[in-house]
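Report on the structure given below.
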Amino acid sequence: MRSTGSQITKGKGSAAGLELEDVAFPVTVSVYHPYDTEKLVKELIINKEDLEDDIYYFRSSFIRSLPDPTGYYELVIADADGRFRILNSNLAYNKEFDDFPATNDKPASVAYTVTLANPKWTGDLVLSSKLTLVKEFTLKPECSTIQLNTRLADRLDGVDAERSIRVNKSYMEVQDLVFSGKNAAAEQALNQGLSLTFDKDTQTVKATLARDYTMKPGTYTYLMTGHVGRSLASTPAKAQKLTIKILDGAKAQTGISLKAKGSIDLLDREQSKIVYTPSFKNMTAKLTDATFASRDPNKDLFDLSVENGKVVLQAKSGVELSTRQTYQVRMLLILNNRYTGSVTVKVKPTAKYPKIKVTPAKTTLYKGTESRLQAAVTLTGKTNAAIKDVTLDQDKAGAYANFDLTYENGKVLLSMKDQGSTLTAGKTYKLTLLVSFEGEAEDAVPKKATVSVTVR
């Protein structure tokens, strides 16, 4: 076996350091448990630029993460050429080289600045922020109270409720949770059909009331205790209270209601939508899916989806809808507690027409020539509407009959029939353009714009 040129050194002050000479980078340092050398505690990758005079100083954040920061560990040091060396050492550190200043009365913090530079920029971008050392981690559940309804447990062969949990003001994850009843009744409920579990992968707390529950409806309080971290060296978190309410289904009826926001604009079917936020009565739940009732006569007119626990309703493209009609839509809402409920909503589409601009709106055409007006028809303001067609209005005076008009690619071409032989020289004709839009109702009244044509 080949050996690396490495050893633990006192280094500066009393800071622990790893002396690395004649090694091929990167170097991997594997730290094994002092009492169980088959248990890997930490792994560290060291690059050449991490050294100071051929010495790598262990950071305090690394040492704090060890199960026993002041204990001895077995270190296996391997370089890029496959050479390695085994050391046993104490990795205690000097606070002079700590990542954070020492403090006993409040969390310490370190301000830092990051400068981003680019040769093409007129100046550097400077970002400033602050790192804070958290003394104690606190669990923060999505909600501190979970409701389980006995009526649902009876009808659905048990009922579930899930709520996410995270670590307050930290990117750390919860590693484990233990639930303990605050009193004898709460502890006993865990043996009478109530169960509390934690899923590490999804970071959720799940409460389940079995169909064969025997406890009485009421409020049961539990303390959640656990550990926080992203490694084997996790840290205990401050205990958090969780309240479970077992509701008597005979008295507490369940239900779902929806609160609407937004509208369906027939001129902007792709972007416009109605978002329904659900609320749940006498149960803790989340919306997971939504479908149209099988016999809903309007199910072919709309698209239905669920985004972030909310129902999203949009008009389908290419189907006929009217702004003069109110449509009833019946939805089946599927919850994560095994419950499915039916809700009917009323939908009245709108059509938000933009202003129309013709450029140029005035022109002169000459009799006996092929002269014509070429004008752009555009929409002003912020809009996603699109023009479908532009035609001439049949005015009472019949002037329209003396002109030809075509519309293509956002422009109209207006010309005189028979080179203006039927028109009066020196007269100005006002013509009305009828503008239709993509997606609008078939019974929609066309929007209008005008152009003036002087004949010479």
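Labels used: A, B, ... for chains in the order of the structure tokens, numbers from 1 for residues in each chain, and numbers from 1 for ligands as shown.
For A:Thr378, the non-local neighbours within 10 Å, defined as residues at least 4 positions apart in the same chain or in other chains and counting only C-alpha atoms, are Pro354, Lys355, Ile356, Lys357, Val358, Thr359, Ala386, Ile387, Gly410 and Lys411 of chain A.
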With N, CA and C atoms retained, write the just-selected residues as a tab-separated table (two decimals), in the first residue's frame.
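Written out: again.tsv:
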chain	number	residue	atom	x	y	z
A	354	PRO	N	-59.66	45.40	-26.97
A	354	PRO	CA	-58.71	46.52	-26.97
A	354	PRO	C	-59.16	47.59	-27.95
A	355	LYS	N	-58.50	48.74	-27.90
A	355	LYS	CA	-58.77	49.79	-28.87
A	355	LYS	C	-58.07	49.47	-30.19
A	356	ILE	N	-58.70	49.92	-31.28
A	356	ILE	CA	-58.19	49.62	-32.62
A	356	ILE	C	-57.61	50.89	-33.23
A	357	LYS	N	-56.45	50.76	-33.84
A	357	LYS	CA	-55.82	51.90	-34.48
A	357	LYS	C	-55.48	51.56	-35.93
A	358	VAL	N	-55.87	52.46	-36.86
A	358	VAL	CA	-55.56	52.29	-38.28
A	358	VAL	C	-54.54	53.35	-38.68
A	359	THR	N	-53.44	52.92	-39.28
A	359	THR	CA	-52.37	53.85	-39.67
A	359	THR	C	-51.91	53.56	-41.10
A	386	ALA	N	-56.25	38.87	-30.68
A	386	ALA	CA	-55.74	38.82	-32.05
A	386	ALA	C	-56.89	39.07	-33.03
A	387	ILE	N	-56.60	39.87	-34.06
A	387	ILE	CA	-57.61	40.17	-35.08
A	387	ILE	C	-57.79	38.95	-35.99
A	410	GLY	N	-52.18	41.59	-40.75
A	410	GLY	CA	-52.26	42.82	-39.98
A	410	GLY	C	-52.42	44.07	-40.81
A	411	LYS	N	-52.61	43.94	-42.12
A	411	LYS	CA	-52.74	45.12	-42.98
A	411	LYS	C	-53.98	45.00	-43.86
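Taking atom CA of A:Ile77 and atom CA of A:Glu49 as the two end points, the separation is 17.3 Å.
Within 7 Å of A:Val174, once only C-alpha atoms are used and residues closer than 2 positions along the same chain are dropped, the contacting residues are Arg166, Val167, Met172, Asp176, Lys200, Gln203, His227, Val228 and Gly229 of chain A.
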Write a file of the just-selected residues containing C-alpha atoms, as a PDB file, in the first residue's frame.
ATOM      1  CA  ARG A 166     -39.973  22.398   8.082  1.00  0.00           C
ATOM      2  CA  VAL A 167     -37.216  23.944  10.138  1.00  0.00           C
ATOM      3  CA  MET A 172     -32.039  21.998   7.173  1.00  0.00           C
ATOM      4  CA  ASP A 176     -36.862  12.134  12.638  1.00  0.00           C
ATOM      5  CA  LYS A 200     -38.684  11.980   6.016  1.00  0.00           C
ATOM      6  CA  GLN A 203     -41.123  16.106   5.195  1.00  0.00           C
ATOM      7  CA  HIS A 227     -33.556  16.005  15.100  1.00  0.00           C
ATOM      8  CA  VAL A 228     -32.552  18.415  12.355  1.00  0.00           C
ATOM      9  CA  GLY A 229     -29.669  18.233   9.896  1.00  0.00           C
TER      10      GLY A 229
END
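Put simply, atom CA of A:Val76 is 11.1 Å away from atom CA of A:Ser89.
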- Message: Considering only C-alpha atoms, can you say which of A:Arg163, A:His33, A:Lys447, A:Lys316 comes closest to A:Thr197?
- Response: A:Arg163
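Minimum atom-to-atom distances from A:Ala153, A:Ala361, A:Val31, A:Leu266 to A:Ala441 were compared using only C-alpha atoms, and the lowest value belongs to A:Leu266.
Minimum atom-to-atom distances from A:Leu87, A:Val306, A:Thr235, A:Ala397 to A:Asp68 were compared using only C-alpha atoms, and the lowest value belongs to A:Thr235.
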- Determine which residues of stretch 145-256 of chain A receive a DSSP assignment of strand (DSSP E), computed from the backbone, and state them as number ranges by chain. A: 145-149, 159-167, 173-181, 194-199, 204-209, 218-229, 235-238, 240-247, 255-256
- Mind the document's chain letters and residue numbers, and return as number ranges by chain the residues of stretch 175-266 of chain A that DSSP labels alpha helix (DSSP H). A: 184-189
